[in-house]
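Below: protein_18.cif (mmCIF, N, CA and C atoms)
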data_start
loop_
_atom_site.label_atom_id
_atom_site.label_comp_id
_atom_site.auth_asym_id
_atom_site.auth_seq_id
_atom_site.Cartn_x
_atom_site.Cartn_y
_atom_site.Cartn_z
N MET A 355 74.24 110.38 82.44
CA MET A 355 73.13 109.80 83.16
C MET A 355 72.40 110.90 83.92
N SER A 356 71.18 111.16 83.53
CA SER A 356 70.47 112.27 84.14
C SER A 356 69.93 111.92 85.52
N ARG A 357 69.37 110.74 85.66
CA ARG A 357 68.86 110.41 87.00
C ARG A 357 69.76 109.36 87.64
N LYS A 358 69.74 109.39 88.95
CA LYS A 358 70.60 108.52 89.72
C LYS A 358 70.14 107.06 89.60
N PRO A 359 71.01 106.16 89.12
CA PRO A 359 70.60 104.75 89.01
C PRO A 359 70.45 104.11 90.40
N LYS A 360 69.47 103.23 90.53
CA LYS A 360 69.25 102.54 91.80
C LYS A 360 69.77 101.10 91.77
N THR A 361 69.98 100.58 90.55
CA THR A 361 70.48 99.22 90.39
C THR A 361 71.59 99.21 89.33
N ILE A 362 72.34 98.13 89.31
CA ILE A 362 73.39 98.00 88.29
C ILE A 362 72.76 97.95 86.90
N ASP A 363 71.63 97.27 86.76
CA ASP A 363 70.97 97.22 85.46
C ASP A 363 70.58 98.62 84.98
N GLU A 364 70.08 99.45 85.89
CA GLU A 364 69.72 100.83 85.52
C GLU A 364 70.98 101.61 85.11
N TYR A 365 72.09 101.37 85.78
CA TYR A 365 73.36 102.03 85.43
C TYR A 365 73.80 101.63 84.02
N LEU A 366 73.71 100.34 83.72
CA LEU A 366 74.21 99.82 82.46
C LEU A 366 73.31 100.15 81.26
N ALA A 367 72.02 100.31 81.50
CA ALA A 367 71.05 100.48 80.40
C ALA A 367 71.40 101.57 79.39
N PRO A 368 71.79 102.78 79.81
CA PRO A 368 72.05 103.83 78.81
C PRO A 368 73.43 103.77 78.13
N LEU A 369 74.28 102.85 78.54
CA LEU A 369 75.64 102.77 77.98
C LEU A 369 75.62 102.21 76.57
N SER A 370 76.69 102.46 75.82
CA SER A 370 76.82 101.86 74.49
C SER A 370 76.85 100.34 74.66
N SER A 371 76.48 99.63 73.61
CA SER A 371 76.44 98.17 73.71
C SER A 371 77.83 97.61 74.02
N GLU A 372 78.88 98.24 73.51
CA GLU A 372 80.25 97.77 73.75
C GLU A 372 80.64 97.92 75.22
N LYS A 373 80.35 99.10 75.81
CA LYS A 373 80.66 99.31 77.23
C LYS A 373 79.80 98.42 78.11
N ARG A 374 78.52 98.31 77.77
CA ARG A 374 77.62 97.47 78.56
C ARG A 374 78.11 96.02 78.56
N ALA A 375 78.52 95.51 77.40
CA ALA A 375 79.01 94.12 77.30
C ALA A 375 80.27 93.93 78.13
N ALA A 376 81.20 94.89 78.06
CA ALA A 376 82.45 94.79 78.83
C ALA A 376 82.17 94.80 80.33
N LEU A 377 81.25 95.66 80.76
CA LEU A 377 80.94 95.75 82.19
C LEU A 377 80.10 94.57 82.68
N GLU A 378 79.27 94.01 81.81
CA GLU A 378 78.52 92.80 82.18
C GLU A 378 79.48 91.63 82.38
N LYS A 379 80.50 91.54 81.53
CA LYS A 379 81.52 90.49 81.67
C LYS A 379 82.24 90.66 83.01
N LEU A 380 82.60 91.89 83.33
CA LEU A 380 83.26 92.20 84.60
C LEU A 380 82.35 91.83 85.77
N ARG A 381 81.09 92.18 85.67
CA ARG A 381 80.10 91.87 86.72
C ARG A 381 80.00 90.37 86.97
N ARG A 382 79.95 89.59 85.88
CA ARG A 382 79.87 88.13 86.02
C ARG A 382 81.12 87.56 86.69
N ALA A 383 82.29 88.08 86.32
CA ALA A 383 83.54 87.60 86.92
C ALA A 383 83.61 87.95 88.41
N ILE A 384 83.14 89.13 88.77
CA ILE A 384 83.11 89.52 90.19
C ILE A 384 82.17 88.59 90.96
N ARG A 385 80.99 88.39 90.40
CA ARG A 385 80.00 87.52 91.05
C ARG A 385 80.54 86.10 91.21
N SER A 386 81.29 85.64 90.21
CA SER A 386 81.88 84.30 90.26
C SER A 386 82.89 84.19 91.41
N ALA A 387 83.70 85.23 91.60
CA ALA A 387 84.73 85.21 92.65
C ALA A 387 84.17 85.50 94.03
N ALA A 388 83.05 86.20 94.08
CA ALA A 388 82.45 86.59 95.37
C ALA A 388 80.94 86.35 95.33
N PRO A 389 80.54 85.08 95.30
CA PRO A 389 79.11 84.77 95.15
C PRO A 389 78.22 85.28 96.30
N LYS A 390 78.82 85.51 97.46
CA LYS A 390 78.03 85.99 98.60
C LYS A 390 77.93 87.52 98.64
N ALA A 391 78.65 88.19 97.76
CA ALA A 391 78.61 89.65 97.73
C ALA A 391 77.27 90.13 97.17
N GLU A 392 76.83 91.28 97.66
CA GLU A 392 75.57 91.83 97.17
C GLU A 392 75.85 93.03 96.29
N GLU A 393 75.06 93.13 95.22
CA GLU A 393 75.20 94.25 94.30
C GLU A 393 74.58 95.51 94.91
N CYS A 394 75.18 96.66 94.58
CA CYS A 394 74.63 97.93 95.04
C CYS A 394 75.14 99.03 94.13
N ILE A 395 74.66 100.22 94.36
CA ILE A 395 75.20 101.41 93.71
C ILE A 395 75.82 102.23 94.83
N SER A 396 77.07 102.61 94.66
CA SER A 396 77.78 103.41 95.66
C SER A 396 78.51 104.53 94.93
N TYR A 397 78.33 105.74 95.37
CA TYR A 397 78.92 106.89 94.70
C TYR A 397 78.54 106.91 93.22
N ARG A 398 77.31 106.52 92.93
CA ARG A 398 76.71 106.53 91.59
C ARG A 398 77.35 105.55 90.61
N VAL A 399 78.11 104.57 91.12
CA VAL A 399 78.66 103.53 90.25
C VAL A 399 78.30 102.15 90.80
N PRO A 400 78.26 101.14 89.93
CA PRO A 400 77.99 99.78 90.38
C PRO A 400 79.07 99.28 91.33
N ALA A 401 78.64 98.59 92.36
CA ALA A 401 79.59 98.09 93.35
C ALA A 401 79.07 96.79 93.94
N PHE A 402 79.95 96.13 94.68
CA PHE A 402 79.60 94.91 95.40
C PHE A 402 80.02 95.10 96.85
N ARG A 403 79.13 94.70 97.75
CA ARG A 403 79.40 94.74 99.19
C ARG A 403 79.49 93.31 99.69
N LEU A 404 80.36 93.10 100.66
CA LEU A 404 80.48 91.79 101.29
C LEU A 404 80.51 92.02 102.79
N GLY A 405 79.61 91.37 103.49
CA GLY A 405 79.53 91.56 104.93
C GLY A 405 79.19 93.00 105.30
N GLY A 406 78.42 93.67 104.45
CA GLY A 406 78.03 95.05 104.72
C GLY A 406 79.08 96.09 104.39
N ARG A 407 80.25 95.66 103.92
CA ARG A 407 81.35 96.59 103.61
C ARG A 407 81.66 96.55 102.11
N MET A 408 82.06 97.68 101.58
CA MET A 408 82.37 97.79 100.16
C MET A 408 83.51 96.83 99.79
N LEU A 409 83.32 96.12 98.71
CA LEU A 409 84.33 95.18 98.23
C LEU A 409 85.03 95.74 97.00
N VAL A 410 84.31 95.87 95.89
CA VAL A 410 84.86 96.40 94.65
C VAL A 410 83.78 97.20 93.93
N ALA A 411 84.19 98.00 92.95
CA ALA A 411 83.25 98.78 92.15
C ALA A 411 83.75 98.83 90.71
N PHE A 412 82.89 99.28 89.81
CA PHE A 412 83.28 99.45 88.41
C PHE A 412 82.42 100.52 87.78
N GLY A 413 82.83 100.99 86.61
CA GLY A 413 82.03 102.02 85.96
C GLY A 413 82.52 102.33 84.56
N ALA A 414 81.80 103.25 83.93
CA ALA A 414 82.13 103.69 82.58
C ALA A 414 82.35 105.19 82.59
N ALA A 415 83.37 105.63 81.87
CA ALA A 415 83.64 107.05 81.68
C ALA A 415 83.53 107.33 80.18
N ALA A 416 83.72 108.55 79.80
CA ALA A 416 83.57 108.92 78.39
C ALA A 416 84.48 108.10 77.47
N ASN A 417 85.73 107.91 77.88
CA ASN A 417 86.70 107.26 76.99
C ASN A 417 87.23 105.92 77.47
N HIS A 418 86.69 105.39 78.54
CA HIS A 418 87.18 104.10 79.04
C HIS A 418 86.18 103.51 80.04
N CYS A 419 86.47 102.28 80.44
CA CYS A 419 85.76 101.63 81.54
C CYS A 419 86.77 101.50 82.67
N ALA A 420 86.29 101.30 83.89
CA ALA A 420 87.22 101.18 85.02
C ALA A 420 86.73 100.13 86.01
N PHE A 421 87.70 99.53 86.67
CA PHE A 421 87.44 98.56 87.74
C PHE A 421 88.18 99.09 88.96
N TYR A 422 87.52 99.10 90.10
CA TYR A 422 88.07 99.64 91.34
C TYR A 422 88.17 98.54 92.41
N PRO A 423 89.24 97.73 92.36
CA PRO A 423 89.37 96.65 93.34
C PRO A 423 90.08 97.08 94.62
N GLY A 424 90.60 98.30 94.66
CA GLY A 424 91.35 98.76 95.83
C GLY A 424 92.85 98.75 95.55
N ALA A 425 93.58 99.48 96.38
CA ALA A 425 95.02 99.66 96.16
C ALA A 425 95.82 98.37 96.32
N PHE A 426 95.51 97.58 97.34
CA PHE A 426 96.30 96.37 97.59
C PHE A 426 96.25 95.38 96.42
N PRO A 427 95.07 95.03 95.89
CA PRO A 427 95.04 94.10 94.75
C PRO A 427 95.76 94.64 93.52
N VAL A 428 95.64 95.94 93.26
CA VAL A 428 96.33 96.52 92.10
C VAL A 428 97.84 96.38 92.27
N GLU A 429 98.33 96.68 93.45
CA GLU A 429 99.77 96.56 93.72
C GLU A 429 100.21 95.09 93.68
N ALA A 430 99.42 94.21 94.28
CA ALA A 430 99.78 92.79 94.35
C ALA A 430 99.85 92.14 92.97
N HIS A 431 99.09 92.65 92.02
CA HIS A 431 99.05 92.05 90.68
C HIS A 431 99.57 93.00 89.61
N LYS A 432 100.45 93.93 90.01
CA LYS A 432 100.93 94.96 89.07
C LYS A 432 101.59 94.38 87.83
N ASN A 433 102.27 93.25 87.97
CA ASN A 433 102.91 92.64 86.79
C ASN A 433 101.88 92.16 85.77
N GLU A 434 100.75 91.67 86.24
CA GLU A 434 99.70 91.20 85.34
C GLU A 434 98.88 92.36 84.77
N LEU A 435 99.06 93.55 85.34
CA LEU A 435 98.28 94.71 84.93
C LEU A 435 99.09 95.69 84.08
N LYS A 436 100.28 95.29 83.66
CA LYS A 436 101.15 96.20 82.89
C LYS A 436 100.51 96.70 81.60
N ALA A 437 99.62 95.94 81.01
CA ALA A 437 98.98 96.33 79.75
C ALA A 437 97.85 97.34 79.95
N TYR A 438 97.55 97.66 81.21
CA TYR A 438 96.43 98.56 81.51
C TYR A 438 96.91 99.83 82.19
N ASP A 439 96.11 100.86 82.07
CA ASP A 439 96.37 102.13 82.74
C ASP A 439 95.87 101.97 84.19
N THR A 440 96.78 102.05 85.15
CA THR A 440 96.39 101.88 86.54
C THR A 440 96.81 103.08 87.37
N SER A 441 96.12 103.26 88.46
CA SER A 441 96.52 104.20 89.50
C SER A 441 96.08 103.56 90.81
N LYS A 442 96.34 104.20 91.91
CA LYS A 442 96.05 103.59 93.20
C LYS A 442 94.60 103.11 93.29
N GLY A 443 94.41 101.79 93.25
CA GLY A 443 93.09 101.20 93.40
C GLY A 443 92.22 101.18 92.16
N THR A 444 92.75 101.64 91.01
CA THR A 444 91.94 101.75 89.79
C THR A 444 92.65 101.10 88.61
N ILE A 445 91.85 100.42 87.79
CA ILE A 445 92.34 99.85 86.53
C ILE A 445 91.42 100.36 85.43
N ARG A 446 91.99 101.08 84.46
CA ARG A 446 91.20 101.59 83.34
C ARG A 446 91.46 100.71 82.11
N PHE A 447 90.40 100.45 81.35
CA PHE A 447 90.54 99.62 80.16
C PHE A 447 89.53 100.06 79.10
N GLN A 448 89.82 99.70 77.87
CA GLN A 448 88.92 100.02 76.76
C GLN A 448 87.84 98.94 76.67
N ALA A 449 86.65 99.35 76.31
CA ALA A 449 85.53 98.41 76.23
C ALA A 449 85.79 97.29 75.23
N ASP A 450 86.56 97.57 74.20
CA ASP A 450 86.84 96.53 73.21
C ASP A 450 87.98 95.61 73.65
N ARG A 451 88.57 95.90 74.82
CA ARG A 451 89.61 95.04 75.41
C ARG A 451 89.29 94.84 76.89
N PRO A 452 88.18 94.18 77.21
CA PRO A 452 87.80 94.02 78.62
C PRO A 452 88.83 93.21 79.41
N LEU A 453 88.83 93.44 80.70
CA LEU A 453 89.74 92.68 81.58
C LEU A 453 89.39 91.20 81.49
N PRO A 454 90.39 90.33 81.40
CA PRO A 454 90.13 88.89 81.38
C PRO A 454 89.44 88.45 82.69
N ALA A 455 88.44 87.60 82.57
CA ALA A 455 87.69 87.14 83.74
C ALA A 455 88.61 86.51 84.78
N ILE A 456 89.60 85.75 84.34
CA ILE A 456 90.50 85.10 85.29
C ILE A 456 91.27 86.13 86.12
N LEU A 457 91.66 87.25 85.49
CA LEU A 457 92.36 88.31 86.21
C LEU A 457 91.42 89.02 87.18
N VAL A 458 90.21 89.27 86.76
CA VAL A 458 89.22 89.91 87.64
C VAL A 458 88.98 89.04 88.86
N ARG A 459 88.80 87.74 88.64
CA ARG A 459 88.57 86.84 89.79
C ARG A 459 89.76 86.85 90.75
N LYS A 460 90.98 86.89 90.21
CA LYS A 460 92.18 86.96 91.04
C LYS A 460 92.19 88.24 91.88
N LEU A 461 91.88 89.36 91.25
CA LEU A 461 91.86 90.65 91.95
C LEU A 461 90.80 90.66 93.06
N VAL A 462 89.63 90.11 92.76
CA VAL A 462 88.56 90.07 93.76
C VAL A 462 88.94 89.15 94.91
N ARG A 463 89.51 88.01 94.62
CA ARG A 463 89.93 87.09 95.69
C ARG A 463 91.03 87.72 96.55
N THR A 464 91.92 88.47 95.92
CA THR A 464 92.96 89.17 96.68
C THR A 464 92.32 90.20 97.61
N ARG A 465 91.32 90.89 97.11
CA ARG A 465 90.61 91.89 97.93
C ARG A 465 89.91 91.21 99.11
N ILE A 466 89.28 90.09 98.87
CA ILE A 466 88.59 89.35 99.94
C ILE A 466 89.61 88.88 100.98
N ALA A 467 90.74 88.37 100.53
CA ALA A 467 91.79 87.91 101.45
C ALA A 467 92.35 89.08 102.26
N GLU A 468 92.52 90.23 101.61
CA GLU A 468 92.99 91.43 102.31
C GLU A 468 92.01 91.80 103.42
N ARG A 469 90.74 91.79 103.11
CA ARG A 469 89.71 92.14 104.11
C ARG A 469 89.68 91.12 105.24
N ALA A 470 89.84 89.83 104.92
CA ALA A 470 89.84 88.78 105.96
C ALA A 470 91.04 88.95 106.88
N ALA A 471 92.20 89.26 106.32
CA ALA A 471 93.41 89.46 107.13
C ALA A 471 93.24 90.68 108.04
N ALA A 472 92.68 91.75 107.52
CA ALA A 472 92.46 92.95 108.33
C ALA A 472 91.48 92.66 109.46
N GLU A 473 90.47 91.87 109.17
CA GLU A 473 89.48 91.50 110.20
C GLU A 473 90.12 90.66 111.29
N SER A 474 91.00 89.73 110.91
CA SER A 474 91.70 88.89 111.89
C SER A 474 92.56 89.74 112.81
N VAL A 475 93.27 90.70 112.24
CA VAL A 475 94.10 91.61 113.03
C VAL A 475 93.23 92.43 113.98
N ARG A 476 92.11 92.91 113.47
CA ARG A 476 91.19 93.70 114.28
C ARG A 476 90.66 92.87 115.46
N GLN A 477 90.27 91.64 115.18
CA GLN A 477 89.75 90.77 116.24
C GLN A 477 90.84 90.45 117.26
N ALA A 478 92.06 90.20 116.80
CA ALA A 478 93.15 89.89 117.71
C ALA A 478 93.48 91.09 118.60
N SER A 479 93.43 92.28 118.02
CA SER A 479 93.71 93.46 118.84
C SER A 479 92.59 93.74 119.84
N ASN A 480 91.36 93.39 119.46
CA ASN A 480 90.24 93.54 120.40
C ASN A 480 90.36 92.57 121.56
N VAL A 481 90.77 91.34 121.26
CA VAL A 481 90.96 90.33 122.31
C VAL A 481 92.09 90.77 123.26
N ALA A 482 93.18 91.27 122.67
CA ALA A 482 94.32 91.72 123.48
C ALA A 482 93.93 92.92 124.35
N ALA A 483 93.10 93.80 123.83
CA ALA A 483 92.68 94.98 124.58
C ALA A 483 91.76 94.58 125.74
N VAL A 484 90.93 93.57 125.53
CA VAL A 484 90.01 93.10 126.57
C VAL A 484 90.76 92.30 127.63
N GLY A 485 91.69 91.45 127.17
CA GLY A 485 92.40 90.53 128.03
C GLY A 485 93.37 91.21 128.89
#

Mind turning this structure into structure tokens?
Amino acid sequence: MSRKPKTIDEYLAPLSSEKRAALEKLRRAIRSAAPKAEECISYRVPAFRLGGRMLVAFGAAANHCAFYPGAFPVEAHKNELKAYDTSKGTIRFQADRPLPAILVRKLVRTRIAERAAAESVRQASNVAAVG
């Protein structure tokens, strides 16, 4: 990609039809699980923000596609991810074997729950510090 994409559609446009289709499927599943999230480009890859904070991202590399839901969701669903190449916060997959939408929705919901729990802890510690 020679110029920096400003939208997810611009990011997807130059990809092979197979990668574009796999990432569009991923995009739809993310949107389904997080309808209030807003699309953006972050670190030159497609991403979703929720409440102004980064939620998840995805992208295409030379030999694979990747989904970046964060370390906690990957660890929480490691048994369901055994068929994929994973590392901390990353799931790599082949375009001809896209992640199942149901699994993507689970990962996104886990990420949202993780963020909500962290926010609750933050608010409770702020109340305790004030009180």

Quiz prompt | Chain and number of each residue from the PyMOL selection byres ((chain A and resi 427) around 8), as a PyMOL selection string | solution = chain A and resi 423-426+428-432+443+460-465+468

Exercise. Give me the result of the PyMOL selection byres (((chain A and resi 366-371 and name CA) around 12) and name CA) on this file, residue by residue, as number ranges by chain.
Key: A: 355-365, 372-379, 381, 395, 398-400, 412-419, 449-450

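Those residues of region 413-472 of chain A that DSSP, working from the backbone, places in strand (DSSP E or B) are A:Gly413, A:Ala414, A:Cys419, A:Ala420, A:Phe421, A:Tyr422, A:Asp439, A:Thr440, A:Ser441, A:Thr444, A:Ile445, A:Arg446, A:Phe447.
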
Quiz item: In Å to one decimal, how far is atom C of Leu404 (chain A) from CA of Glu392 (chain A)?
Solution: 7.5 Å

Quiz item: Using only C-alpha atoms, which residues sit within 12 Å of Ile466 (chain A) once same-chain residues fewer than 5 positions away are excluded, as a ChimeraX atom specification?
Solution: /A:384,387-391,402-405,407-410,423-424,426-427,459-461,471-473

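Distance-wise, CA of Thr444 (chain A) and CA of Phe421 (chain A) end up 5.9 Å apart.
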
Self-check item: Straight-line distance linking atom C of Tyr438 (chain A) with CA of Pro454 (chain A), stated in Å to one decimal
Solution: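 If I compute the distance from atom C of Tyr438 (chain A) to CA of Pro454 (chain A), I get 12.9 Å.
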